[in-house]
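Asks: Input file: input_36.csv. Contents: CSV, C-alpha atoms.
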chain,number,residue,atom,x,y,z
A,1,MET,CA,-1.1,-26.8,-19.3
A,2,THR,CA,-4.2,-27.8,-21.2
A,3,GLU,CA,-4.3,-30.4,-23.9
A,4,GLU,CA,-5.0,-27.6,-26.4
A,5,THR,CA,-2.0,-25.6,-25.3
A,6,VAL,CA,0.0,-23.3,-27.5
A,7,MET,CA,2.8,-23.1,-24.9
A,8,ASP,CA,4.5,-26.1,-26.6
A,9,GLN,CA,5.3,-23.6,-29.4
A,10,VAL,CA,7.4,-21.5,-26.9
A,11,GLU,CA,11.1,-21.6,-27.2
A,12,ILE,CA,13.3,-19.7,-24.8
A,13,ASP,CA,16.9,-19.0,-25.6
A,14,LYS,CA,18.4,-17.9,-22.3
A,15,THR,CA,21.8,-17.1,-23.7
A,16,ARG,CA,20.4,-14.8,-26.5
A,17,GLY,CA,17.6,-13.5,-24.3
A,18,GLU,CA,14.9,-14.5,-26.7
A,19,ILE,CA,11.4,-15.8,-26.4
A,20,ASN,CA,10.1,-17.3,-29.7
A,21,ILE,CA,6.6,-18.6,-30.3
A,22,ALA,CA,6.2,-20.5,-33.6
A,23,ASP,CA,9.5,-18.9,-34.5
A,24,ARG,CA,8.2,-15.4,-34.0
A,25,PRO,CA,9.9,-13.1,-31.5
A,26,HIS,CA,7.9,-12.2,-28.3
A,27,GLY,CA,8.7,-10.1,-25.3
A,28,LEU,CA,7.0,-9.3,-22.0
A,29,HIS,CA,5.4,-5.9,-22.1
A,30,CYS,CA,3.9,-4.3,-19.0
A,31,GLU,CA,0.5,-2.7,-19.1
A,32,TYR,CA,2.2,0.7,-18.6
A,33,TYR,CA,4.3,0.3,-21.8
A,34,SER,CA,1.4,-1.1,-23.8
A,35,VAL,CA,-0.9,1.8,-23.1
A,36,TYR,CA,1.8,4.6,-23.1
A,37,TRP,CA,3.1,3.2,-26.5
A,38,GLN,CA,-0.5,3.1,-27.8
A,39,LYS,CA,-1.3,6.6,-26.5
A,40,THR,CA,2.0,7.9,-28.0
A,41,ILE,CA,1.0,6.7,-31.5
A,42,GLU,CA,-2.7,7.5,-31.3
A,43,ARG,CA,-2.3,11.0,-29.9
A,44,ALA,CA,-0.2,12.3,-32.8
A,45,GLU,CA,-2.9,14.0,-34.7
A,46,LEU,CA,-0.9,14.2,-37.9
A,47,VAL,CA,-1.1,10.4,-38.5
A,48,ASP,CA,-3.9,7.8,-38.2
A,49,GLY,CA,-2.4,6.0,-35.2
A,50,GLU,CA,-5.3,3.8,-34.6
A,51,HIS,CA,-5.1,2.5,-38.2
A,52,ILE,CA,-1.3,1.9,-37.8
A,53,ILE,CA,-1.8,-0.1,-34.6
A,54,LYS,CA,-4.8,-2.1,-35.8
A,55,LYS,CA,-3.3,-3.0,-39.2
A,56,ASN,CA,0.0,-4.2,-37.8
A,57,ALA,CA,-1.7,-6.1,-35.0
A,58,ARG,CA,-3.9,-7.9,-37.5
A,59,LYS,CA,-0.9,-8.7,-39.8
A,60,ALA,CA,1.2,-10.1,-36.9
A,61,LEU,CA,-1.6,-12.3,-35.5
A,62,PHE,CA,-2.7,-13.6,-38.9
A,63,ASP,CA,0.8,-14.7,-39.6
A,64,GLU,CA,1.5,-16.2,-36.2
A,65,LEU,CA,-1.8,-17.9,-35.6
A,66,GLY,CA,-1.8,-19.2,-39.2
A,67,GLU,CA,1.5,-20.9,-38.5
A,68,ILE,CA,0.3,-22.3,-35.2
A,69,PHE,CA,-2.9,-23.7,-36.7
A,70,SER,CA,-0.8,-25.3,-39.4
A,71,ARG,CA,1.7,-26.9,-37.0
A,72,LYS,CA,-1.3,-28.2,-34.9
A,73,ASP,CA,-3.0,-29.7,-38.0
A,74,ALA,CA,-6.1,-27.8,-36.9
A,75,GLU,CA,-8.4,-28.8,-39.8
A,76,HIS,CA,-11.7,-27.4,-38.5
A,77,TYR,CA,-12.7,-23.9,-37.3
A,78,ALA,CA,-13.6,-25.4,-33.9
A,79,GLU,CA,-10.0,-26.5,-33.3
A,80,ARG,CA,-8.6,-23.2,-34.5
A,81,LYS,CA,-11.0,-21.4,-32.2
A,82,THR,CA,-9.7,-23.4,-29.2
A,83,TYR,CA,-6.1,-22.7,-30.0
A,84,GLY,CA,-6.9,-19.0,-30.6
A,85,LYS,CA,-8.5,-18.7,-27.2
A,86,GLU,CA,-5.6,-20.5,-25.6
A,87,PHE,CA,-3.1,-18.2,-27.4
A,88,PHE,CA,-4.8,-15.1,-26.1
A,89,ARG,CA,-5.0,-16.5,-22.5
A,90,SER,CA,-1.5,-17.7,-22.5
A,91,MET,CA,-0.1,-14.4,-23.8
A,92,GLY,CA,-1.9,-12.5,-21.0
A,93,TYR,CA,-4.2,-10.6,-23.2
A,94,GLY,CA,-7.4,-11.7,-21.3
A,95,LYS,CA,-10.1,-14.3,-21.3
A,96,PHE,CA,-11.6,-14.5,-24.8
A,97,ARG,CA,-15.1,-15.8,-25.6
A,98,LEU,CA,-14.7,-16.6,-29.3
A,99,PRO,CA,-17.7,-17.4,-31.5
A,100,ASP,CA,-18.6,-21.0,-32.6
A,101,HIS,CA,-19.1,-19.6,-36.1
A,102,VAL,CA,-18.2,-16.4,-37.8
A,103,GLU,CA,-20.6,-13.9,-39.5
A,104,GLU,CA,-21.3,-10.2,-39.6
A,105,GLY,CA,-22.8,-8.8,-36.4
A,106,LEU,CA,-21.4,-11.4,-34.1
A,107,GLU,CA,-20.1,-10.2,-30.7
A,108,ILE,CA,-16.9,-11.4,-29.0
A,109,THR,CA,-16.3,-10.6,-25.3
A,110,VAL,CA,-13.0,-10.3,-23.5
A,111,GLU,CA,-12.6,-10.4,-19.8
A,112,ASN,CA,-9.5,-8.9,-18.2
A,113,SER,CA,-8.3,-7.1,-21.4
A,114,HIS,CA,-4.7,-6.2,-21.0
A,115,PHE,CA,-5.3,-2.9,-22.7
A,116,GLY,CA,-8.7,-2.0,-21.2
A,117,GLN,CA,-7.5,-2.6,-17.7
A,118,GLY,CA,-4.2,-0.8,-18.3
A,119,TRP,CA,-6.0,2.4,-19.6
A,120,LYS,CA,-8.4,2.5,-16.7
A,121,LYS,CA,-5.7,1.9,-14.2
A,122,GLN,CA,-3.4,4.6,-15.6
A,123,TRP,CA,-5.8,7.3,-16.6
A,124,GLY,CA,-9.3,6.4,-15.1
A,125,GLU,CA,-12.5,5.8,-17.1
A,126,GLN,CA,-12.3,6.7,-20.7
A,127,GLU,CA,-15.0,8.1,-23.1
A,128,GLU,CA,-14.0,5.8,-26.0
A,129,PRO,CA,-13.0,2.1,-26.2
A,130,LYS,CA,-9.3,1.6,-25.9
A,131,CYS,CA,-8.4,-1.9,-27.1
A,132,THR,CA,-7.3,-0.9,-30.6
A,133,ALA,CA,-4.7,-3.7,-30.7
A,134,LEU,CA,-7.2,-6.3,-29.7
A,135,GLU,CA,-9.4,-5.2,-32.6
A,136,GLY,CA,-6.5,-6.0,-34.9
A,137,PHE,CA,-5.7,-9.2,-33.1
A,138,ILE,CA,-9.3,-10.5,-33.4
A,139,GLU,CA,-9.4,-9.6,-37.1
A,140,GLY,CA,-6.2,-11.5,-37.6
A,141,PHE,CA,-7.5,-14.5,-35.6
A,142,LEU,CA,-10.8,-14.6,-37.6
A,143,ALA,CA,-9.0,-14.4,-40.9
A,144,ALA,CA,-6.5,-17.2,-40.0
A,145,ALA,CA,-9.2,-19.4,-38.3
A,146,THR,CA,-11.5,-19.2,-41.3
A,147,LEU,CA,-8.7,-19.6,-43.9
A,148,SER,CA,-9.6,-16.2,-45.3
A,149,ASP,CA,-7.7,-13.3,-46.7
A,150,GLU,CA,-5.9,-11.3,-44.0
A,151,LYS,CA,-8.2,-8.3,-44.5
A,152,ALA,CA,-11.4,-10.3,-44.7
A,153,PHE,CA,-12.9,-9.0,-41.4
A,154,THR,CA,-13.4,-5.6,-39.8
A,155,VAL,CA,-13.9,-5.7,-36.0
A,156,GLU,CA,-14.8,-2.7,-33.8
A,157,GLU,CA,-14.9,-2.5,-30.1
A,158,LYS,CA,-18.3,-1.4,-28.8
A,159,GLY,CA,-17.7,-1.4,-25.1
A,160,CYS,CA,-14.5,-1.4,-23.0
A,161,ILE,CA,-13.3,-2.1,-19.5
A,162,ALA,CA,-11.6,1.3,-19.9
A,163,GLN,CA,-15.1,2.9,-20.1
A,164,GLY,CA,-16.2,1.2,-16.9
A,165,ALA,CA,-17.7,-2.0,-18.5
A,166,ASP,CA,-17.2,-5.4,-16.8
A,167,SER,CA,-15.7,-6.8,-20.0
A,168,CYS,CA,-14.8,-5.6,-23.5
A,169,THR,CA,-17.2,-6.3,-26.4
A,170,PHE,CA,-16.1,-6.5,-30.0
A,171,GLU,CA,-18.4,-6.7,-33.0
A,172,VAL,CA,-17.7,-8.2,-36.4
A,173,VAL,CA,-19.0,-5.2,-38.4
A,174,GLU,CA,-17.9,-6.4,-41.8
A,175,ASP,CA,-17.4,-10.0,-43.2
A,176,GLY,CA,-15.8,-9.5,-46.6
A,177,ARG,CA,-15.3,-13.1,-47.5
B,1,MET,CA,31.1,-8.2,-7.5
B,2,VAL,CA,27.5,-9.0,-8.2
B,3,ASP,CA,26.6,-12.5,-9.5
B,4,GLU,CA,24.9,-11.4,-12.7
B,5,GLN,CA,24.2,-15.0,-13.7
B,6,LYS,CA,22.4,-15.6,-10.4
B,7,ALA,CA,20.3,-12.5,-11.0
B,8,LEU,CA,19.4,-13.6,-14.4
B,9,GLU,CA,18.3,-17.0,-13.1
B,10,ILE,CA,16.0,-15.3,-10.6
B,11,PHE,CA,14.5,-13.2,-13.4
B,12,TRP,CA,13.9,-16.3,-15.4
B,13,SER,CA,11.7,-17.6,-12.6
B,14,PHE,CA,9.0,-15.0,-13.5
B,15,PRO,CA,5.8,-16.4,-15.1
B,16,ILE,CA,5.4,-16.2,-18.9
B,17,GLU,CA,2.1,-18.0,-19.2
B,18,GLY,CA,-1.3,-16.4,-18.4
B,19,SER,CA,-3.5,-17.6,-15.7
B,20,GLU,CA,-7.0,-19.2,-16.3
B,21,GLU,CA,-8.3,-15.6,-16.3
B,22,GLY,CA,-5.8,-14.6,-19.1
B,23,GLU,CA,-3.5,-12.5,-16.9
B,24,ILE,CA,0.2,-12.6,-16.3
B,25,ASP,CA,1.0,-10.8,-13.0
B,26,VAL,CA,4.5,-9.7,-12.1
B,27,PHE,CA,4.8,-7.6,-8.9
B,28,GLY,CA,1.2,-6.4,-9.2
B,29,THR,CA,1.8,-5.3,-12.8
B,30,LYS,CA,0.0,-7.0,-15.6
B,31,VAL,CA,2.2,-8.0,-18.5
B,32,ALA,CA,1.5,-9.5,-21.9
B,33,ASP,CA,3.8,-11.7,-23.9
B,34,ALA,CA,3.6,-9.5,-27.0
B,35,PRO,CA,4.5,-10.3,-30.6
B,36,LEU,CA,7.5,-8.1,-31.1
B,37,ASN,CA,7.0,-7.9,-34.9
B,38,PHE,CA,3.7,-6.1,-34.3
B,39,GLN,CA,5.1,-3.3,-32.2
B,40,ALA,CA,8.3,-3.0,-34.2
B,41,GLU,CA,6.5,-2.6,-37.5
B,42,ALA,CA,3.9,-0.2,-36.1
B,43,SER,CA,6.6,1.9,-34.5
B,44,VAL,CA,8.5,2.2,-37.8
B,45,GLU,CA,5.3,3.1,-39.7
B,46,PHE,CA,4.4,5.7,-37.1
B,47,LYS,CA,7.9,7.2,-37.2
B,48,ASN,CA,8.0,7.5,-41.0
B,49,LYS,CA,4.5,9.0,-41.3
B,50,LEU,CA,4.8,11.4,-38.5
B,51,ASN,CA,8.2,12.8,-39.5
B,52,ASP,CA,7.0,13.1,-43.1
B,53,GLN,CA,4.2,15.3,-41.8
B,54,LEU,CA,6.2,17.5,-39.4
B,55,ASP,CA,8.1,20.4,-41.0
B,56,ILE,CA,10.8,20.4,-38.4
B,57,GLU,CA,14.3,19.0,-38.3
B,58,THR,CA,14.0,17.3,-35.0
B,59,ASP,CA,13.2,13.6,-35.1
B,60,ALA,CA,10.0,14.0,-33.0
B,61,ALA,CA,8.8,10.4,-33.4
B,62,LYS,CA,12.2,9.1,-32.1
B,63,THR,CA,11.8,11.2,-29.0
B,64,LEU,CA,8.2,10.0,-28.5
B,65,LEU,CA,9.0,6.3,-28.9
B,66,LYS,CA,12.1,6.7,-26.6
B,67,ASN,CA,9.9,8.3,-24.0
B,68,ALA,CA,7.4,5.4,-24.2
B,69,GLY,CA,10.3,3.0,-23.7
B,70,HIS,CA,11.5,5.1,-20.8
B,71,THR,CA,8.1,5.0,-19.2
B,72,CYS,CA,7.9,1.3,-19.6
B,73,GLY,CA,11.2,0.8,-18.0
B,74,PHE,CA,10.5,3.2,-15.2
B,75,PHE,CA,7.4,1.4,-14.1
B,76,THR,CA,8.4,-2.2,-14.9
B,77,VAL,CA,12.0,-2.2,-13.8
B,78,GLY,CA,11.2,0.4,-11.2
B,79,GLY,CA,8.5,-1.9,-9.9
B,80,ILE,CA,11.0,-4.7,-9.5
B,81,TYR,CA,13.4,-2.4,-7.7
B,82,ASP,CA,10.7,-1.2,-5.3
B,83,SER,CA,9.3,-4.6,-4.5
B,84,ASP,CA,9.5,-7.0,-1.5
B,85,PHE,CA,10.8,-9.5,-4.1
B,86,TRP,CA,13.8,-7.3,-4.7
B,87,ASP,CA,14.5,-7.0,-1.0
B,88,ASP,CA,14.3,-10.8,-0.5
B,89,ASN,CA,16.0,-12.0,-3.6
B,90,PHE,CA,18.1,-9.4,-5.4
B,91,ALA,CA,19.2,-7.1,-2.5
B,92,PRO,CA,21.4,-9.9,-0.9
B,93,LEU,CA,23.4,-10.1,-4.2
B,94,SER,CA,24.2,-6.4,-4.2
B,95,GLU,CA,26.8,-4.3,-2.4
B,96,GLY,CA,25.7,-0.9,-3.8
B,97,LEU,CA,24.0,1.1,-6.5
B,98,ILE,CA,26.2,0.0,-9.3
B,99,ASP,CA,25.5,-3.6,-8.4
B,100,ASP,CA,21.8,-2.7,-8.3
B,101,ALA,CA,22.1,-1.3,-11.9
B,102,LYS,CA,23.9,-4.5,-13.0
B,103,ILE,CA,21.1,-6.6,-11.7
B,104,LEU,CA,18.4,-4.5,-13.3
B,105,HIS,CA,20.4,-4.6,-16.6
B,106,GLN,CA,19.5,-8.3,-16.8
B,107,ALA,CA,15.7,-7.6,-16.8
B,108,PRO,CA,15.3,-6.9,-20.6
B,109,ARG,CA,17.3,-10.1,-21.5
B,110,ALA,CA,15.1,-12.2,-19.2
B,111,ILE,CA,11.9,-11.0,-20.8
B,112,GLY,CA,12.8,-11.6,-24.4
B,113,PHE,CA,14.4,-8.4,-25.6
B,114,GLY,CA,17.8,-9.8,-26.5
B,115,ASN,CA,21.2,-10.1,-24.9
B,116,TYR,CA,22.9,-6.9,-23.8
B,117,ASP,CA,26.6,-6.8,-22.8
B,118,ILE,CA,27.8,-4.1,-20.5
B,119,VAL,CA,30.8,-2.1,-21.8
B,120,ARG,CA,30.8,0.4,-19.0
B,121,LEU,CA,28.6,0.9,-16.0
B,122,ASP,CA,29.2,3.6,-13.4
B,123,GLU,CA,27.3,6.6,-12.2
B,124,GLU,CA,28.7,8.7,-15.1
B,125,GLU,CA,28.0,6.4,-18.0
B,126,TYR,CA,26.1,3.2,-18.9
B,127,ARG,CA,27.3,1.8,-22.2
B,128,VAL,CA,25.7,-1.4,-23.6
B,129,ARG,CA,26.0,-3.5,-26.7
B,130,SER,CA,23.4,-5.7,-28.3
B,131,TYR,CA,23.9,-8.1,-31.2
B,132,ASP,CA,20.3,-8.9,-31.8
B,133,SER,CA,18.1,-6.0,-30.8
B,134,TYR,CA,14.6,-6.8,-32.1
B,135,GLU,CA,13.9,-3.3,-33.4
B,136,SER,CA,17.1,-3.3,-35.6
B,137,VAL,CA,16.6,-6.9,-36.8
B,138,LYS,CA,13.0,-6.2,-37.8
B,139,PHE,CA,13.9,-2.9,-39.5
B,140,LEU,CA,16.6,-4.6,-41.6
B,141,GLU,CA,14.3,-7.4,-42.6
B,142,GLU,CA,11.5,-5.1,-43.7
B,143,ASN,CA,13.2,-2.0,-44.9
B,144,GLY,CA,16.8,-2.6,-45.6
B,145,GLU,CA,19.7,-0.6,-44.2
B,146,ALA,CA,18.8,2.6,-42.2
B,147,GLU,CA,20.6,5.9,-42.2
B,148,LYS,CA,20.3,6.4,-38.5
B,149,PRO,CA,19.9,4.0,-35.5
B,150,ARG,CA,16.3,2.7,-35.0
B,151,CYS,CA,16.2,1.0,-31.6
B,152,HIS,CA,14.3,3.9,-29.9
B,153,VAL,CA,12.2,1.9,-27.4
B,154,MET,CA,15.2,0.0,-26.0
B,155,ALA,CA,17.1,3.2,-25.8
B,156,GLY,CA,14.4,4.6,-23.5
B,157,VAL,CA,14.4,1.4,-21.4
B,158,MET,CA,18.2,1.8,-21.0
B,159,ALA,CA,17.9,5.3,-19.7
B,160,SER,CA,15.3,4.2,-17.2
B,161,VAL,CA,17.7,1.9,-15.5
B,162,MET,CA,20.0,4.7,-14.6
B,163,ASN,CA,17.2,7.1,-13.6
B,164,ILE,CA,15.7,4.5,-11.3
B,165,VAL,CA,19.0,3.7,-9.6
B,166,PHE,CA,20.9,7.0,-9.6
B,167,VAL,CA,18.3,9.7,-9.8
B,168,ASP,CA,14.9,8.7,-8.4
B,169,ASN,CA,15.6,5.8,-6.1
B,170,VAL,CA,12.2,6.4,-4.8
B,171,TYR,CA,9.5,4.9,-7.0
B,172,ASP,CA,6.9,7.7,-7.3
B,173,GLU,CA,6.8,9.5,-10.7
B,174,VAL,CA,8.6,9.5,-14.0
B,175,PRO,CA,11.4,12.1,-14.0
B,176,ASP,CA,11.4,14.9,-16.5
B,177,VAL,CA,13.8,13.4,-19.0
B,178,PHE,CA,14.7,16.8,-20.4
B,179,SER,CA,16.1,18.1,-17.1
B,180,SER,CA,19.8,18.1,-16.7
B,181,GLU,CA,19.3,15.9,-13.6
B,182,ALA,CA,18.0,13.0,-15.6
B,183,TYR,CA,19.8,10.5,-17.8
B,184,TRP,CA,19.0,10.0,-21.4
B,185,CYS,CA,20.2,7.6,-24.0
B,186,GLU,CA,21.6,7.8,-27.4
B,187,GLU,CA,22.1,4.8,-29.7
B,188,VAL,CA,25.4,5.4,-31.3
B,189,LYS,CA,25.7,2.3,-33.4
B,190,CYS,CA,22.9,0.1,-34.8
B,191,ARG,CA,22.7,-3.1,-36.7
B,192,SER,CA,20.1,-1.5,-38.9
B,193,CYS,CA,22.8,0.9,-40.2
B,194,GLY,CA,25.1,-2.0,-41.0
B,195,ASP,CA,27.1,-1.9,-37.8
B,196,PRO,CA,28.0,-5.3,-36.2
B,197,TYR,CA,26.1,-4.4,-33.1
B,198,CYS,CA,23.8,-1.8,-31.5
B,199,GLU,CA,25.5,0.4,-28.9
B,200,PHE,CA,23.6,2.5,-26.4
B,201,VAL,CA,25.2,5.3,-24.3
B,202,VAL,CA,23.4,6.6,-21.3
B,203,ARG,CA,24.7,9.9,-19.8
B,204,LYS,CA,23.2,13.0,-18.2
B,205,GLU,CA,24.6,15.5,-20.5
B,206,LEU,CA,22.9,13.9,-23.5
B,207,ASN,CA,19.8,15.8,-22.4
B,208,HIS,CA,21.1,19.2,-23.5
B,209,ASN,CA,23.9,18.4,-25.9
B,210,ASN,CA,22.2,16.3,-28.5
B,211,ASP,CA,19.7,17.3,-31.2
B,212,GLU,CA,16.8,15.7,-29.5
B,213,GLU,CA,15.2,18.5,-27.5
B,214,PRO,CA,11.8,18.5,-29.1
B,215,PRO,CA,9.8,21.7,-30.0
B,216,GLU,CA,7.1,22.8,-27.5
B,217,GLU,CA,4.2,21.2,-29.3
B,218,VAL,CA,5.9,17.8,-29.2
B,219,LYS,CA,6.9,18.3,-25.5
B,220,GLU,CA,3.2,18.8,-24.7
B,221,GLU,CA,2.6,15.3,-26.1
B,222,LEU,CA,4.9,14.0,-23.5
B,223,GLN,CA,3.0,15.4,-20.5
Translate this file's structure into structure tokens.
Replies:
Amino acid sequence: MTEETVMDQVEIDKTRGEINIADRPHGLHCEYYSVYWQKTIERAELVDGEHIIKKNARKALFDELGEIFSRKDAEHYAERKTYGKEFFRSMGYGKFRLPDHVEEGLEITVENSHFGQGWKKQWGEQEEPKCTALEGFIEGFLAAATLSDEKAFTVEEKGCIAQGADSCTFEVVEDGR
Amino acid sequence: MVDEQKALEIFWSFPIEGSEEGEIDVFGTKVADAPLNFQAEASVEFKNKLNDQLDIETDAAKTLLKNAGHTCGFFTVGGIYDSDFWDDNFAPLSEGLIDDAKILHQAPRAIGFGNYDIVRLDEEEYRVRSYDSYESVKFLEENGEAEKPRCHVMAGVMASVMNIVFVDNVYDEVPDVFSSEAYWCEEVKCRSCGDPYCEFVVRKELNHNNDEEPPEEVKEELQ
């Protein structure tokens, strides 16, 4: 466990079968579920499934990381960035390279993306990027880490492990602060 | 009789923190410690919007979400059942298929999906109660009381336990859940509806007796 760990926010109630992080419920999802669930929602042409996933991912992470940053008394962006990176690593979402500062056009890379790897493993190489939830998670992180409005940033994935890339690349396409 | 507490303790030995490379590896399957509020809220929004658009009486979104849960259970729980780890650690606790199912029943509790009490478990029926299912708790918080049960993902996971143990036994492909040979699950009580607990019933005949058989266009989505 590193000094900047977020694992000290984890509370496990074995009797109730609960894992809580900063008082928010968590559960272990396998890559199969993560990508089948995503595909279920995104394939239904009558609804904008990508929007549903991205919006709710952003909302959840903005709320949870905001609480963690507050509990850690992380006063500066650099500290919040470190905790954010630790959060994503600890949760098994991949190895994130988060930016030292935030502005439009910045790129963020993620090695071992839980979603990108899962899609490629399950259905082979894809034509489009597949880490919709990570787009929302990164938007939520950026907003919480810069003390901005939840919807301040728009992030799009430009290249994905699911497409055959070595890592996933995300770009901050809009900084609405 | 299987020592369910011992089985649970073995499940609790699984890692819940990612490696330096940001991965959590359980039996060759990568898992993520996911914020449940994210997926619960996204599933509710998906269900409401899709069913509003579909001009059919069948609750298609419920079927799709339940199928996603079934697939998750089939691969994750099935992966445990098919592993050397099972042979070394769980198999010595079991005297037969019903014991196997009782051990696998502990998996959702061990990975953060709440506590589930077995009401009945034999080859004919698996009946389970939960007092704090995350899908129902989150639905109540955000939307108030529901007209019908809402724990679709967990219902799918429950069905997978029976299909793994009593139908498929060999870990190769997900069974056709609409065949009469496969188990399916109906949630008959739900906290989101004001009931004191959620109750799930897994039986084979639910496949062709309930109102869940989807129209062909939705079935295609399941392929």
Asks: Taking all atoms listed in the file into account, produce a table as a Markdown table in which each residue of chain B with an atom at most 8 Å from an atom of chain A appears once, together with its shortest atom pair and the distance in Å to one decimal, ordered by chain and rising number.
Replies:
| residue | atom | partner | partner_atom | distance |
| --- | --- | --- | --- | --- |
| B:Ile16 | CA | A:Met91 | CA | 7.6 |
| B:Glu17 | CA | A:Ser90 | CA | 4.9 |
| B:Gly18 | CA | A:Ser90 | CA | 4.3 |
| B:Ser19 | CA | A:Arg89 | CA | 7.0 |
| B:Glu20 | CA | A:Arg89 | CA | 7.1 |
| B:Glu21 | CA | A:Lys95 | CA | 5.5 |
| B:Gly22 | CA | A:Arg89 | CA | 4.0 |
| B:Glu23 | CA | A:Gly92 | CA | 4.4 |
| B:Ile24 | CA | A:Gly92 | CA | 5.1 |
| B:Thr29 | CA | A:Cys30 | CA | 6.6 |
| B:Lys30 | CA | A:Glu31 | CA | 5.6 |
| B:Val31 | CA | A:Cys30 | CA | 4.1 |
| B:Ala32 | CA | A:Gly92 | CA | 4.6 |
| B:Asp33 | CA | A:Leu28 | CA | 4.4 |
| B:Ala34 | CA | A:His26 | CA | 5.2 |
| B:Pro35 | CA | A:His26 | CA | 4.5 |
| B:Leu36 | CA | A:His26 | CA | 5.0 |
| B:Asn37 | CA | A:Ala60 | CA | 6.5 |
| B:Phe38 | CA | A:Ala60 | CA | 5.4 |
| B:Gln39 | CA | A:Asn56 | CA | 7.6 |
| B:Glu41 | CA | A:Asn56 | CA | 6.7 |
| B:Ala42 | CA | A:Asn56 | CA | 5.8 |
| B:Ser43 | CA | A:Ile41 | CA | 8.0 |
| B:Glu45 | CA | A:Ile52 | CA | 7.0 |
| B:Phe46 | CA | A:Ile41 | CA | 6.6 |
| B:Lys49 | CA | A:Val47 | CA | 6.4 |
| B:Leu50 | CA | A:Val47 | CA | 6.0 |
| B:Gln53 | CA | A:Leu46 | CA | 6.5 |
| B:Leu54 | CA | A:Leu46 | CA | 8.0 |
| B:Leu64 | CA | A:Thr40 | CA | 6.6 |
| B:Leu65 | CA | A:Trp37 | CA | 7.1 |
| B:Ala68 | CA | A:Trp37 | CA | 5.3 |
| B:Gly69 | CA | A:Tyr33 | CA | 6.8 |
| B:Thr71 | CA | A:Tyr33 | CA | 6.6 |
| B:Cys72 | CA | A:Tyr33 | CA | 4.3 |
| B:Gly73 | CA | A:Tyr33 | CA | 7.9 |
| B:Phe75 | CA | A:Tyr32 | CA | 6.9 |
| B:Thr76 | CA | A:Cys30 | CA | 6.4 |
| B:Pro108 | CA | A:Gly17 | CA | 7.9 |
| B:Arg109 | CA | A:Gly17 | CA | 4.4 |
| B:Ala110 | CA | A:Gly17 | CA | 5.8 |
| B:Ile111 | CA | A:Leu28 | CA | 5.3 |
| B:Gly112 | CA | A:Glu18 | CA | 4.3 |
| B:Phe113 | CA | A:Gly27 | CA | 6.0 |
| B:Gly114 | CA | A:Gly17 | CA | 4.3 |
| B:Asn115 | CA | A:Gly17 | CA | 5.0 |
| B:Asp132 | CA | A:Arg16 | CA | 7.9 |
| B:Tyr134 | CA | A:Pro25 | CA | 7.9 |
| B:Glu221 | CA | A:Arg43 | CA | 7.5 |
Asks: Rounded to one decimal in Å, what is the spacing between CA of Pro149 (chain B) and CA of Asn163 (chain B)?
Replies: 22.3 Å
Asks: Identify which of the residues A:His101, A:Lys81, A:Lys72, A:Lys120 lies closest to Val172 (chain A), counting all atoms listed in the file when measuring atom-to-atom distances.
Replies: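 Of all the options, A:His101 lies closest to Val172 (chain A).
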Asks: So how far away is CA of Leu106 (chain A) from CA of Thr146 (chain A), in Å?
Replies: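 Separation of CA of Thr146 (chain A) and CA of Leu106 (chain A): 14.5 Å.
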Asks: Out of A:Thr169, A:Thr5, A:Gln163, A:Thr154, which residue has the shortest atom-to-atom distance to Glu79 (chain A) when counting only C-alpha atoms?
Replies: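 Under the stated criterion, the closest residue is A:Thr5.
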Asks: What does the distance from CA of Glu135 (chain B) to CA of Asn51 (chain B) come to in Å, to one decimal?
Replies: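 Taking CA of Glu135 (chain B) as the start and CA of Asn51 (chain B) as the end point, the length is 18.1 Å.
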